[in-house]
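> My file is structure13.cif. It has mmCIF, C-alpha atoms and all ligand atoms:
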```cif
data_final
loop_
_atom_site.group_PDB
_atom_site.id
_atom_site.type_symbol
_atom_site.label_atom_id
_atom_site.label_comp_id
_atom_site.auth_asym_id
_atom_site.auth_seq_id
_atom_site.Cartn_x
_atom_site.Cartn_y
_atom_site.Cartn_z
ATOM 1 C CA ASP A 290 -75.766 -32.763 -177.338
ATOM 2 C CA GLU A 291 -77.026 -29.479 -178.635
ATOM 3 C CA THR A 292 -79.808 -29.004 -176.112
ATOM 4 C CA SER A 293 -77.494 -29.341 -173.158
ATOM 5 C CA ASN A 294 -75.202 -26.901 -174.944
ATOM 6 C CA TYR A 295 -78.066 -24.397 -175.035
ATOM 7 C CA SER A 296 -78.769 -24.809 -171.362
ATOM 8 C CA GLU A 297 -75.115 -24.496 -170.495
ATOM 9 C CA ALA A 298 -74.670 -21.576 -172.874
ATOM 10 C CA VAL A 299 -77.423 -19.604 -171.118
ATOM 11 C CA ASP A 300 -75.894 -20.609 -167.794
ATOM 12 C CA TYR A 301 -79.160 -22.321 -166.749
ATOM 13 C CA THR A 302 -80.703 -18.869 -166.497
ATOM 14 C CA ILE A 303 -84.022 -17.518 -167.723
ATOM 15 C CA ALA A 304 -83.959 -13.814 -168.537
ATOM 16 C CA GLY A 305 -86.954 -12.491 -166.609
ATOM 17 C CA ILE A 306 -88.639 -9.210 -165.748
ATOM 18 C CA GLU A 307 -89.806 -7.349 -162.627
ATOM 19 C CA PRO A 308 -89.942 -9.268 -159.314
ATOM 20 C CA GLY A 309 -93.632 -8.433 -158.706
ATOM 21 C CA ALA A 310 -94.935 -9.651 -162.070
ATOM 22 C CA GLY A 311 -97.369 -12.542 -162.375
ATOM 23 C CA ILE A 312 -95.128 -14.117 -164.995
ATOM 24 C CA THR A 313 -92.272 -14.035 -162.475
ATOM 25 C CA VAL A 314 -94.337 -15.888 -159.875
ATOM 26 C CA THR A 315 -95.495 -18.369 -162.543
ATOM 27 C CA THR A 316 -91.947 -18.965 -163.797
ATOM 28 C CA GLU A 317 -90.742 -19.751 -160.272
ATOM 29 C CA LYS A 318 -93.526 -22.360 -160.251
ATOM 30 C CA ALA A 319 -92.352 -23.745 -163.610
ATOM 31 C CA ILE A 320 -88.812 -24.095 -162.250
ATOM 32 C CA GLU A 321 -90.232 -26.173 -159.390
ATOM 33 C CA GLU A 322 -92.472 -28.300 -161.620
ATOM 34 C CA TYR A 323 -90.163 -29.181 -164.507
ATOM 35 C CA ASP A 324 -87.290 -31.608 -163.943
ATOM 36 C CA SER A 325 -85.658 -30.023 -166.990
ATOM 37 C CA LEU A 326 -85.460 -26.714 -165.062
ATOM 38 C CA ASN A 327 -84.027 -28.226 -161.918
ATOM 39 C CA GLY A 328 -81.246 -25.927 -160.743
ATOM 40 C CA TRP A 329 -82.193 -23.132 -163.167
ATOM 41 C CA THR A 330 -82.413 -19.520 -162.035
ATOM 42 C CA LEU A 331 -84.888 -16.852 -163.039
ATOM 43 C CA GLU A 332 -82.948 -13.660 -163.409
ATOM 44 C CA GLN A 333 -85.266 -10.865 -162.279
ATOM 45 C CA SER A 334 -84.619 -7.413 -163.637
ATOM 46 C CA SER A 335 -86.933 -5.231 -165.676
ATOM 47 C CA THR A 336 -88.893 -5.595 -168.879
ATOM 48 C CA ALA A 337 -86.586 -3.064 -170.572
ATOM 49 C CA ALA A 338 -83.463 -4.987 -169.514
ATOM 50 C CA MET A 339 -84.962 -8.291 -170.643
ATOM 51 C CA VAL A 340 -85.874 -6.878 -174.051
ATOM 52 C CA THR A 341 -82.361 -5.446 -174.464
ATOM 53 C CA GLN A 342 -80.829 -8.828 -173.647
ATOM 54 C CA LEU A 343 -83.194 -10.489 -176.102
ATOM 55 C CA SER A 344 -82.368 -8.126 -178.946
ATOM 56 C CA GLU A 345 -78.635 -8.538 -178.380
ATOM 57 C CA ALA A 346 -78.919 -12.342 -178.326
ATOM 58 C CA ILE A 347 -80.950 -12.344 -181.558
ATOM 59 C CA GLU A 348 -78.517 -9.988 -183.241
ATOM 60 C CA ASN A 349 -75.673 -12.405 -182.447
ATOM 61 C CA GLU A 350 -77.756 -15.566 -182.985
ATOM 62 C CA GLU A 351 -76.994 -16.632 -179.453
ATOM 63 C CA PRO A 352 -79.271 -18.822 -177.352
ATOM 64 C CA ILE A 353 -81.498 -17.135 -174.776
ATOM 65 C CA VAL A 354 -84.571 -18.141 -172.771
ATOM 66 C CA VAL A 355 -86.930 -15.311 -171.810
ATOM 67 C CA THR A 356 -90.270 -14.840 -170.109
ATOM 68 C CA GLY A 357 -92.525 -13.789 -172.986
ATOM 69 C CA TRP A 358 -96.120 -12.612 -173.328
ATOM 70 C CA ASN A 359 -98.805 -11.214 -175.612
ATOM 71 C CA PRO A 360 -100.044 -8.575 -176.098
ATOM 72 C CA HIS A 361 -96.539 -7.162 -176.573
ATOM 73 C CA TRP A 362 -94.538 -6.007 -179.567
ATOM 74 C CA MET A 363 -91.701 -8.485 -178.956
ATOM 75 C CA PHE A 364 -93.167 -11.115 -181.310
ATOM 76 C CA ALA A 365 -93.775 -8.508 -184.030
ATOM 77 C CA LYS A 366 -90.314 -7.018 -183.725
ATOM 78 C CA TYR A 367 -88.543 -10.379 -183.409
ATOM 79 C CA PRO A 368 -90.366 -12.789 -185.751
ATOM 80 C CA ASP A 369 -87.673 -15.259 -184.760
ATOM 81 C CA LEU A 370 -89.222 -15.634 -181.323
ATOM 82 C CA LYS A 371 -91.381 -18.660 -180.385
ATOM 83 C CA TYR A 372 -93.071 -19.951 -177.242
ATOM 84 C CA LEU A 373 -91.785 -23.210 -175.808
ATOM 85 C CA GLU A 374 -94.477 -25.853 -175.347
ATOM 86 C CA ASP A 375 -95.593 -26.224 -171.771
ATOM 87 C CA PRO A 376 -96.845 -29.821 -171.434
ATOM 88 C CA LYS A 377 -97.516 -29.414 -167.725
ATOM 89 C CA GLY A 378 -99.699 -26.373 -168.385
ATOM 90 C CA VAL A 379 -98.008 -24.213 -165.762
ATOM 91 C CA TYR A 380 -98.572 -21.076 -167.840
ATOM 92 C CA GLY A 381 -102.123 -22.051 -168.821
ATOM 93 C CA LYS A 382 -103.374 -21.971 -172.408
ATOM 94 C CA THR A 383 -104.638 -18.506 -173.141
ATOM 95 C CA GLU A 384 -105.250 -15.709 -170.704
ATOM 96 C CA VAL A 385 -107.879 -12.998 -170.561
ATOM 97 C CA ILE A 386 -107.453 -9.536 -169.123
ATOM 98 C CA LYS A 387 -110.223 -8.587 -166.732
ATOM 99 C CA THR A 388 -111.677 -5.373 -165.427
ATOM 100 C CA LEU A 389 -112.182 -5.196 -161.659
ATOM 101 C CA ALA A 390 -113.974 -2.454 -159.760
ATOM 102 C CA ARG A 391 -114.115 -1.628 -156.093
ATOM 103 C CA LYS A 392 -117.267 -2.475 -154.158
ATOM 104 C CA GLY A 393 -119.690 0.434 -154.221
ATOM 105 C CA LEU A 394 -118.447 1.969 -157.470
ATOM 106 C CA LYS A 395 -121.543 0.826 -159.329
ATOM 107 C CA GLU A 396 -123.844 2.733 -156.952
ATOM 108 C CA GLU A 397 -121.597 5.773 -156.435
ATOM 109 C CA LYS A 398 -120.363 6.385 -159.989
ATOM 110 C CA PRO A 399 -122.773 4.455 -162.233
ATOM 111 C CA ASN A 400 -121.710 6.186 -165.443
ATOM 112 C CA ALA A 401 -118.027 5.412 -164.897
ATOM 113 C CA TYR A 402 -118.960 1.848 -163.985
ATOM 114 C CA LYS A 403 -120.940 1.513 -167.195
ATOM 115 C CA ILE A 404 -117.995 2.580 -169.367
ATOM 116 C CA LEU A 405 -115.684 0.195 -167.518
ATOM 117 C CA ASP A 406 -118.209 -2.600 -167.891
ATOM 118 C CA GLN A 407 -118.693 -1.961 -171.620
ATOM 119 C CA PHE A 408 -115.015 -1.607 -172.480
ATOM 120 C CA HIS A 409 -113.488 -4.508 -174.390
ATOM 121 C CA TRP A 410 -111.117 -4.712 -177.344
ATOM 122 C CA GLU A 411 -108.880 -7.031 -179.317
ATOM 123 C CA VAL A 412 -105.243 -8.131 -178.983
ATOM 124 C CA GLU A 413 -104.504 -6.323 -182.279
ATOM 125 C CA ASP A 414 -105.853 -3.025 -180.904
ATOM 126 C CA MET A 415 -103.681 -3.133 -177.810
ATOM 127 C CA GLU A 416 -100.632 -4.446 -179.652
ATOM 128 C CA GLY A 417 -101.064 -1.787 -182.333
ATOM 129 C CA ILE A 418 -100.770 0.996 -179.765
ATOM 130 C CA MET A 419 -97.801 -0.676 -178.063
ATOM 131 C CA TYR A 420 -95.981 -1.243 -181.340
ATOM 132 C CA LYS A 421 -96.618 2.274 -182.599
ATOM 133 C CA SER A 422 -95.289 3.762 -179.383
ATOM 134 C CA GLN A 423 -92.223 1.528 -179.503
ATOM 135 C CA GLU A 424 -91.468 2.368 -183.144
ATOM 136 C CA SER A 425 -92.121 6.106 -182.951
ATOM 137 C CA GLY A 426 -90.717 6.744 -179.498
ATOM 138 C CA LYS A 427 -93.985 8.528 -178.652
ATOM 139 C CA ASP A 428 -95.507 8.001 -175.249
ATOM 140 C CA ILE A 429 -98.212 5.327 -174.982
ATOM 141 C CA ALA A 430 -100.669 7.899 -173.609
ATOM 142 C CA GLU A 431 -100.217 10.089 -176.674
ATOM 143 C CA VAL A 432 -100.641 7.166 -179.094
ATOM 144 C CA ALA A 433 -103.683 5.955 -177.133
ATOM 145 C CA LYS A 434 -105.298 9.376 -177.340
ATOM 146 C CA LYS A 435 -104.923 9.325 -181.110
ATOM 147 C CA TRP A 436 -106.317 5.773 -181.222
ATOM 148 C CA VAL A 437 -109.427 6.946 -179.375
ATOM 149 C CA GLU A 438 -109.892 9.827 -181.855
ATOM 150 C CA GLU A 439 -109.604 7.378 -184.738
ATOM 151 C CA HIS A 440 -112.074 4.808 -183.349
ATOM 152 C CA PRO A 441 -115.365 6.654 -182.801
ATOM 153 C CA ASP A 442 -117.408 3.467 -183.293
ATOM 154 C CA ALA A 443 -115.667 1.677 -180.457
ATOM 155 C CA VAL A 444 -116.034 4.719 -178.229
ATOM 156 C CA ALA A 445 -119.751 4.945 -179.079
ATOM 157 C CA GLU A 446 -120.214 1.321 -178.062
ATOM 158 C CA TRP A 447 -118.387 1.756 -174.756
ATOM 159 C CA THR A 448 -120.263 4.941 -173.889
ATOM 160 C CA LYS A 449 -123.707 3.672 -174.897
ATOM 161 C CA GLY A 450 -126.287 4.742 -172.317
ATOM 162 C CA VAL A 451 -123.718 6.785 -170.394
ATOM 163 C CA ASP A 452 -124.641 10.293 -169.250
ATOM 164 C CA ASP A 453 -122.176 13.163 -169.189
ATOM 165 C CA VAL A 454 -120.877 14.143 -165.773
ATOM 166 C CA ASP A 455 -119.201 17.248 -164.461
ATOM 167 C CA GLY A 456 -115.738 16.508 -163.148
ATOM 168 C CA VAL A 457 -116.494 13.343 -161.160
ATOM 169 C CA GLU A 458 -113.133 11.866 -160.113
ATOM 170 C CA VAL A 459 -112.106 8.372 -161.132
ATOM 171 C CA GLU A 460 -108.864 6.665 -160.179
ATOM 172 C CA LEU A 461 -107.694 3.774 -162.339
ATOM 173 C CA VAL A 462 -105.037 1.612 -160.751
ATOM 174 C CA SER A 463 -102.736 -0.113 -163.184
ATOM 175 C CA THR A 464 -99.526 -2.072 -163.574
ATOM 176 C CA PRO A 465 -96.422 -0.484 -165.132
ATOM 177 C CA TRP A 466 -96.403 -2.561 -168.357
ATOM 178 C CA ASP A 467 -97.104 -1.012 -171.753
ATOM 179 C CA SER A 468 -100.106 -3.316 -172.277
ATOM 180 C CA GLU A 469 -101.908 -1.825 -169.296
ATOM 181 C CA ARG A 470 -100.603 1.667 -169.977
ATOM 182 C CA ALA A 471 -102.382 1.288 -173.321
ATOM 183 C CA SER A 472 -105.734 0.072 -171.966
ATOM 184 C CA SER A 473 -105.711 2.519 -169.048
ATOM 185 C CA SER A 474 -104.857 5.433 -171.324
ATOM 186 C CA VAL A 475 -107.618 4.533 -173.772
ATOM 187 C CA VAL A 476 -110.257 4.175 -171.069
ATOM 188 C CA ALA A 477 -109.014 7.341 -169.342
ATOM 189 C CA GLU A 478 -109.547 9.261 -172.604
ATOM 190 C CA VAL A 479 -113.038 7.829 -173.009
ATOM 191 C CA LEU A 480 -113.951 8.689 -169.409
ATOM 192 C CA LYS A 481 -112.583 12.216 -169.895
ATOM 193 C CA SER A 482 -114.728 12.642 -173.008
ATOM 194 C CA LYS A 483 -117.788 12.118 -170.785
ATOM 195 C CA GLY A 484 -116.641 14.696 -168.256
ATOM 196 C CA PHE A 485 -114.755 12.577 -165.726
ATOM 197 C CA ASN A 486 -111.610 13.755 -164.040
ATOM 198 C CA VAL A 487 -109.317 10.724 -164.376
ATOM 199 C CA LYS A 488 -106.136 9.733 -162.652
ATOM 200 C CA VAL A 489 -104.130 6.624 -163.635
ATOM 201 C CA THR A 490 -101.797 5.220 -160.985
ATOM 202 C CA PRO A 491 -99.281 2.521 -161.997
ATOM 203 C CA VAL A 492 -98.213 0.265 -159.122
ATOM 204 C CA ASP A 493 -97.024 -3.291 -158.444
ATOM 205 C CA VAL A 494 -99.463 -6.093 -159.261
ATOM 206 C CA ALA A 495 -99.977 -6.883 -155.566
ATOM 207 C CA VAL A 496 -100.801 -3.250 -154.856
ATOM 208 C CA VAL A 497 -103.323 -3.117 -157.725
ATOM 209 C CA PHE A 498 -105.393 -5.889 -156.180
ATOM 210 C CA LYS A 499 -105.049 -4.524 -152.673
ATOM 211 C CA ALA A 500 -106.065 -1.012 -153.762
ATOM 212 C CA ILE A 501 -109.246 -2.244 -155.467
ATOM 213 C CA ALA A 502 -110.060 -4.546 -152.532
ATOM 214 C CA ASN A 503 -109.778 -1.824 -149.922
ATOM 215 C CA GLY A 504 -111.327 0.881 -152.090
ATOM 216 C CA ASP A 505 -108.254 3.097 -152.508
ATOM 217 C CA GLY A 506 -108.654 2.886 -156.277
ATOM 218 C CA ASP A 507 -111.887 2.757 -158.268
ATOM 219 C CA ALA A 508 -111.027 0.151 -160.869
ATOM 220 C CA THR A 509 -108.324 -1.668 -162.799
ATOM 221 C CA LEU A 510 -108.162 -2.993 -166.349
ATOM 222 C CA ALA A 511 -105.029 -5.004 -165.578
ATOM 223 C CA ALA A 512 -106.044 -8.385 -164.107
ATOM 224 C CA TRP A 513 -104.534 -11.236 -166.159
ATOM 225 C CA MET A 514 -106.402 -14.505 -165.529
ATOM 226 C CA PRO A 515 -106.853 -17.398 -164.965
ATOM 227 C CA VAL A 516 -103.138 -18.021 -164.341
ATOM 228 C CA THR A 517 -100.958 -14.897 -164.319
ATOM 229 C CA HIS A 518 -102.532 -13.066 -161.362
ATOM 230 C CA LYS A 519 -104.397 -15.989 -159.789
ATOM 231 C CA GLU A 520 -102.578 -15.693 -156.494
ATOM 232 C CA PHE A 521 -103.571 -12.038 -156.076
ATOM 233 C CA TYR A 522 -107.065 -12.537 -157.450
ATOM 234 C CA ASP A 523 -107.842 -15.394 -155.080
ATOM 235 C CA LYS A 524 -106.506 -13.499 -152.103
ATOM 236 C CA PHE A 525 -109.008 -10.640 -152.554
ATOM 237 C CA LYS A 526 -111.729 -12.516 -154.447
ATOM 238 C CA ASP A 527 -114.789 -11.394 -152.460
ATOM 239 C CA GLN A 528 -113.618 -7.827 -152.066
ATOM 240 C CA PHE A 529 -114.119 -6.488 -155.600
ATOM 241 C CA ASP A 530 -116.608 -6.649 -158.503
ATOM 242 C CA ASP A 531 -115.392 -8.692 -161.459
ATOM 243 C CA LEU A 532 -116.669 -6.952 -164.608
ATOM 244 C CA GLY A 533 -115.419 -9.695 -166.900
ATOM 245 C CA GLU A 534 -112.831 -9.650 -169.634
ATOM 246 C CA ASN A 535 -111.785 -6.557 -171.547
ATOM 247 C CA LEU A 536 -109.487 -8.610 -173.820
ATOM 248 C CA LYS A 537 -109.269 -12.261 -174.844
ATOM 249 C CA GLY A 538 -106.319 -14.156 -176.289
ATOM 250 C CA ALA A 539 -103.481 -12.990 -174.064
ATOM 251 C CA LYS A 540 -100.669 -15.436 -173.351
ATOM 252 C CA ILE A 541 -97.633 -15.921 -171.126
ATOM 253 C CA GLY A 542 -94.821 -18.461 -171.302
ATOM 254 C CA LEU A 543 -91.162 -19.132 -171.891
ATOM 255 C CA ALA A 544 -89.885 -18.039 -175.283
ATOM 256 C CA VAL A 545 -86.725 -18.696 -177.294
ATOM 257 C CA PRO A 546 -85.456 -17.681 -180.745
ATOM 258 C CA LYS A 547 -86.455 -20.113 -183.507
ATOM 259 C CA TYR A 548 -82.826 -20.858 -184.358
ATOM 260 C CA MET A 549 -82.711 -22.770 -181.092
ATOM 261 C CA ASP A 550 -83.605 -26.270 -182.141
ATOM 262 C CA ILE A 551 -85.962 -27.067 -179.250
ATOM 263 C CA ASP A 552 -89.762 -27.003 -178.920
ATOM 264 C CA SER A 553 -90.637 -27.636 -175.310
ATOM 265 C CA ILE A 554 -89.673 -26.600 -171.804
ATOM 266 C CA GLU A 555 -88.880 -30.287 -171.385
ATOM 267 C CA ASP A 556 -86.154 -29.968 -174.043
ATOM 268 C CA LEU A 557 -84.125 -27.771 -171.721
ATOM 269 C CA GLN A 558 -81.699 -29.564 -169.452
ATOM 270 C CA ALA A 559 -80.955 -29.425 -165.763
HETATM 271 N N1 LIG B 601 -97.115 -9.134 -167.869
HETATM 272 C C1 LIG B 601 -97.737 -8.086 -168.657
HETATM 273 C C2 LIG B 601 -97.665 -8.861 -166.522
HETATM 274 C C3 LIG B 601 -99.074 -8.516 -166.745
HETATM 275 C C4 LIG B 601 -98.997 -7.698 -167.969
HETATM 276 C C5 LIG B 601 -97.496 -10.444 -168.415
HETATM 277 C C6 LIG B 601 -95.682 -8.948 -167.884
HETATM 278 C C7 LIG B 601 -97.425 -9.864 -165.401
HETATM 279 O O1 LIG B 601 -97.898 -9.637 -164.277
HETATM 280 O O2 LIG B 601 -96.716 -10.849 -165.599
#
```
Mind turning the file's structure into C-alpha cells?
Ligand code: PBE

Amino acid sequence: DETSNYSEAVDYTIAGIEPGAGITVTTEKAIEEYDSLNGWTLEQSSTAAMVTQLSEAIENEEPIVVTGWNPHWMFAKYPDLKYLEDPKGVYGKTEVIKTLARKGLKEEKPNAYKILDQFHWEVEDMEGIMYKSQESGKDIAEVAKKWVEEHPDAVAEWTKGVDDVDGVEVELVSTPWDSERASSSVVAEVLKSKGFNVKVTPVDVAVVFKAIANGDGDATLAAWMPVTHKEFYDKFKDQFDDLGENLKGAKIGLAVPKYMDIDSIEDLQA
C-alpha cells in the first residue's frame, strides 16, 4: 500500500541534523521504541543539509521524513509541513527553553544575573528574527540588534532594577542553531546596553551543559526541556542554577509534507 511505498521511497531513512543535537538523541530513542521504525536509520548531517533536502523533496512532491522543531522558520517557509503524531510521547508534548547560570554568578555578577533571570519572550519573537534573517540573508546577530532597538518595552522589563556596570565580562554559552543564536544575540545586546562586555560562544549541546556546570561559561539560554536536553540536564542537575523558562511553546518531532497521506509515526512501516 501507499504507506509502505513512502517508507520504501525514503529508503527507511529519516533526514536528521547534527550528531550532538537533543533531537538526534531523541530520534534514536524513537527508532528503538516504535515497531514502525524498526530497521530505520537516522541520517545525521547538518541542519543546513537537512533543510536543503527538505526543500528539494517539497519542490518535487517527493516523500521525506525529517526531524523538525519550533521555533524555526521551516514551518513558515514550507506550509506543507506537518508533525507526525507521536502516540508513545517520545518527543514530549511541548518544550520550554530554559536559562541556566553557573553557581556563584548571582553573587558575583548580580546585575547580569538579574537580566538573565528577567529575560523571557514568545515563540513569535524568536521565529520572527530567524525568519527575517533567513529571508534577507542578514546575519542573526544583526537582525537581533535591530529587534532590540525596536522593542524598548521588552528591554525595559528585562532590565528593571538593573544597575549599569563598567565593562564587567559575561560569557554566554550557546548551541549553534539559529534559535539560540537569536536569543543569545538579543540578550547580549541588552547586557551590552547596561555596560557589560559580552562574549557568546556556540558549542555542542553536551559542552554547553558541561561549561555551565564547571563554571567555564556564565550562563546559557539554550536548554530545551523537559525532553530534548534531558540527558544533559540530568547529568549536571545539581551543578547549575535553573532560572526557569525564557520561552514556552517549543516543540520537536518527526515531520513530513502534508501530501504524504499519513498522520502518525505508527503509519510508517518497518
Ligand atoms: N534543536 C534546536 C536543538 C535545540 C535547538 C531542536 C535542533 C536540539 O538540541 O535538538
> Within 10 Å of region 394-396 of chain A, counting all atoms listed in the file, which residues qualify if same-chain residues fewer than 2 places away don't, as a list in words?
Ala390, Arg391, Lys392, Lys398, Pro399, Asn400, Ala401, Tyr402, Lys403, Asp406, Val459, Gly504, Gly506, Asp507, Ala508, Phe529 and Asp530 of chain A
> My list of candidates is A:Tyr380, A:Tyr367, A:Tyr548, A:Trp362. Which is closest to Val516 (chain A) when distances are computed with all atoms listed in the file?
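Of all the options, A:Tyr380 lies closest to Val516 (chain A).
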> Could you check the closest approach to ligand LIG 601 (chain B) for each of A:Ala471, A:Leu480, A:Val454, A:Ala511 and tell me which residue wins, using all atoms listed in the file?
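Counting all atoms listed in the file, the residue closest to ligand LIG 601 (chain B) is A:Ala511.
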> May I have a table of the residues of chain A lying at most 10 Å from ligand LIG 601 (chain B), giving each one's closest pair of atoms and their distance in Å to one decimal, counting all atoms listed in the file, ordered by chain and ascending residue number, as a Markdown table?

```
| residue | atom | partner | partner_atom | distance |
| --- | --- | --- | --- | --- |
| A:Gly305 | CA | B:LIG601 | C6 | 9.5 |
| A:Ile306 | CA | B:LIG601 | C6 | 7.4 |
| A:Glu307 | CA | B:LIG601 | C6 | 8.0 |
| A:Pro308 | CA | B:LIG601 | O2 | 9.4 |
| A:Gly309 | CA | B:LIG601 | O1 | 7.1 |
| A:Ala310 | CA | B:LIG601 | O1 | 3.7 |
| A:Gly311 | CA | B:LIG601 | O1 | 3.5 |
| A:Ile312 | CA | B:LIG601 | O2 | 3.7 |
| A:Thr313 | CA | B:LIG601 | O2 | 6.3 |
| A:Val314 | CA | B:LIG601 | O2 | 8.0 |
| A:Thr315 | CA | B:LIG601 | O2 | 8.2 |
| A:Thr316 | CA | B:LIG601 | O2 | 9.6 |
| A:Ser335 | CA | B:LIG601 | C6 | 9.8 |
| A:Thr336 | CA | B:LIG601 | C6 | 7.6 |
| A:Thr356 | CA | B:LIG601 | C6 | 8.3 |
| A:Gly357 | CA | B:LIG601 | C5 | 7.5 |
| A:Trp358 | CA | B:LIG601 | C5 | 5.5 |
| A:Asn359 | CA | B:LIG601 | C5 | 7.4 |
| A:Pro360 | CA | B:LIG601 | C1 | 7.8 |
| A:His361 | CA | B:LIG601 | C1 | 8.1 |
| A:Glu384 | CA | B:LIG601 | C5 | 9.6 |
| A:Ile386 | CA | B:LIG601 | C4 | 8.7 |
| A:Ser463 | CA | B:LIG601 | C4 | 9.7 |
| A:Thr464 | CA | B:LIG601 | C4 | 7.2 |
| A:Pro465 | CA | B:LIG601 | C4 | 8.2 |
| A:Trp466 | CA | B:LIG601 | C1 | 5.7 |
| A:Asp467 | CA | B:LIG601 | C1 | 7.7 |
| A:Ser468 | CA | B:LIG601 | C4 | 6.2 |
| A:Glu469 | CA | B:LIG601 | C4 | 6.7 |
| A:Arg470 | CA | B:LIG601 | C4 | 9.7 |
| A:Asp493 | CA | B:LIG601 | O1 | 8.7 |
| A:Val494 | CA | B:LIG601 | O1 | 6.3 |
| A:Ala495 | CA | B:LIG601 | O1 | 9.4 |
| A:Ala511 | CA | B:LIG601 | C3 | 7.0 |
| A:Ala512 | CA | B:LIG601 | C3 | 7.5 |
| A:Trp513 | CA | B:LIG601 | C3 | 6.1 |
| A:Met514 | CA | B:LIG601 | C3 | 9.5 |
| A:Val516 | CA | B:LIG601 | O2 | 9.7 |
| A:Thr517 | CA | B:LIG601 | O2 | 6.0 |
| A:His518 | CA | B:LIG601 | O1 | 6.5 |
| A:Ala539 | CA | B:LIG601 | C5 | 8.6 |
| A:Lys540 | CA | B:LIG601 | C5 | 7.7 |
| A:Ile541 | CA | B:LIG601 | C5 | 6.1 |
| A:Gly542 | CA | B:LIG601 | C5 | 8.9 |
```
> Report as a ChimeraX atom specification the residues that result from applying the PyMOL selection byres (((chain A and resi 388) around 6) and not hetatm) to the structure here.
/A:387,389,509-510,532-533
> Output, as lines of an AutoDock Vina configuration file, the centre and edge lengths in Å (one decimal) of the axis-aligned box that contains all listed atoms of region 517-532 of chain A with 3 Å of margin on each side.

```
center_x = -108.8
center_y = -11.2
center_z = -158.3
size_x = 21.7
size_y = 15.5
size_z = 18.5
```
> Here is a test: counting all atoms listed in the file, which residue of A:Ser472, A:Lys377, A:Phe408, A:Lys382 is nearest to Asp324 (chain A)?
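Of the candidates, the smallest distance to Asp324 (chain A) is held by A:Lys377.
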> Between CA of Ala500 (chain A) and CA of Ala338 (chain A), what is the spacing in Å?
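Separation between CA of Ala338 (chain A) and CA of Ala500 (chain A): 27.8 Å.
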> Complete the atom set of region 503-518 of chain A to N, CA and C atoms and return it as a PDB file, keeping the file's coordinate frame.

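Written file, selection_37.pdb:
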```pdb
ATOM      1  N   ASN A 503    -109.476  -2.696-151.059  1.00  0.00           N
ATOM      2  CA  ASN A 503    -109.778  -1.824-149.922  1.00  0.00           C
ATOM      3  C   ASN A 503    -110.357  -0.470-150.335  1.00  0.00           C
ATOM      4  N   GLY A 504    -110.621  -0.310-151.629  1.00  0.00           N
ATOM      5  CA  GLY A 504    -111.327   0.881-152.090  1.00  0.00           C
ATOM      6  C   GLY A 504    -110.461   2.115-152.294  1.00  0.00           C
ATOM      7  N   ASP A 505    -109.146   1.953-152.249  1.00  0.00           N
ATOM      8  CA  ASP A 505    -108.254   3.097-152.508  1.00  0.00           C
ATOM      9  C   ASP A 505    -108.293   3.531-153.970  1.00  0.00           C
ATOM     10  N   GLY A 506    -108.516   2.581-154.852  1.00  0.00           N
ATOM     11  CA  GLY A 506    -108.654   2.886-156.277  1.00  0.00           C
ATOM     12  C   GLY A 506    -110.039   2.466-156.728  1.00  0.00           C
ATOM     13  N   ASP A 507    -110.536   3.085-157.808  1.00  0.00           N
ATOM     14  CA  ASP A 507    -111.887   2.757-158.268  1.00  0.00           C
ATOM     15  C   ASP A 507    -111.933   1.474-159.089  1.00  0.00           C
ATOM     16  N   ALA A 508    -110.972   1.309-159.972  1.00  0.00           N
ATOM     17  CA  ALA A 508    -111.027   0.151-160.869  1.00  0.00           C
ATOM     18  C   ALA A 508    -109.669  -0.116-161.484  1.00  0.00           C
ATOM     19  N   THR A 509    -109.524  -1.324-162.038  1.00  0.00           N
ATOM     20  CA  THR A 509    -108.324  -1.668-162.799  1.00  0.00           C
ATOM     21  C   THR A 509    -108.724  -2.433-164.054  1.00  0.00           C
ATOM     22  N   LEU A 510    -107.931  -2.255-165.099  1.00  0.00           N
ATOM     23  CA  LEU A 510    -108.162  -2.993-166.349  1.00  0.00           C
ATOM     24  C   LEU A 510    -107.077  -4.036-166.529  1.00  0.00           C
ATOM     25  N   ALA A 511    -106.327  -4.333-165.448  1.00  0.00           N
ATOM     26  CA  ALA A 511    -105.029  -5.004-165.578  1.00  0.00           C
ATOM     27  C   ALA A 511    -104.946  -6.410-165.008  1.00  0.00           C
ATOM     28  N   ALA A 512    -106.097  -7.067-164.752  1.00  0.00           N
ATOM     29  CA  ALA A 512    -106.044  -8.385-164.107  1.00  0.00           C
ATOM     30  C   ALA A 512    -105.935  -9.509-165.135  1.00  0.00           C
ATOM     31  N   TRP A 513    -104.772 -10.122-165.218  1.00  0.00           N
ATOM     32  CA  TRP A 513    -104.534 -11.236-166.159  1.00  0.00           C
ATOM     33  C   TRP A 513    -104.919 -12.544-165.475  1.00  0.00           C
ATOM     34  N   MET A 514    -105.874 -13.264-166.106  1.00  0.00           N
ATOM     35  CA  MET A 514    -106.402 -14.505-165.529  1.00  0.00           C
ATOM     36  C   MET A 514    -106.590 -15.556-166.632  1.00  0.00           C
ATOM     37  N   PRO A 515    -106.728 -16.840-166.307  1.00  0.00           N
ATOM     38  CA  PRO A 515    -106.853 -17.398-164.965  1.00  0.00           C
ATOM     39  C   PRO A 515    -105.534 -17.743-164.277  1.00  0.00           C
ATOM     40  N   VAL A 516    -104.386 -17.553-164.942  1.00  0.00           N
ATOM     41  CA  VAL A 516    -103.138 -18.021-164.341  1.00  0.00           C
ATOM     42  C   VAL A 516    -102.280 -16.883-163.786  1.00  0.00           C
ATOM     43  N   THR A 517    -102.014 -15.876-164.626  1.00  0.00           N
ATOM     44  CA  THR A 517    -100.958 -14.897-164.319  1.00  0.00           C
ATOM     45  C   THR A 517    -101.130 -14.250-162.932  1.00  0.00           C
ATOM     46  N   HIS A 518    -102.328 -13.782-162.642  1.00  0.00           N
ATOM     47  CA  HIS A 518    -102.532 -13.066-161.362  1.00  0.00           C
ATOM     48  C   HIS A 518    -103.423 -13.834-160.390  1.00  0.00           C
TER      49      HIS A 518
END
```
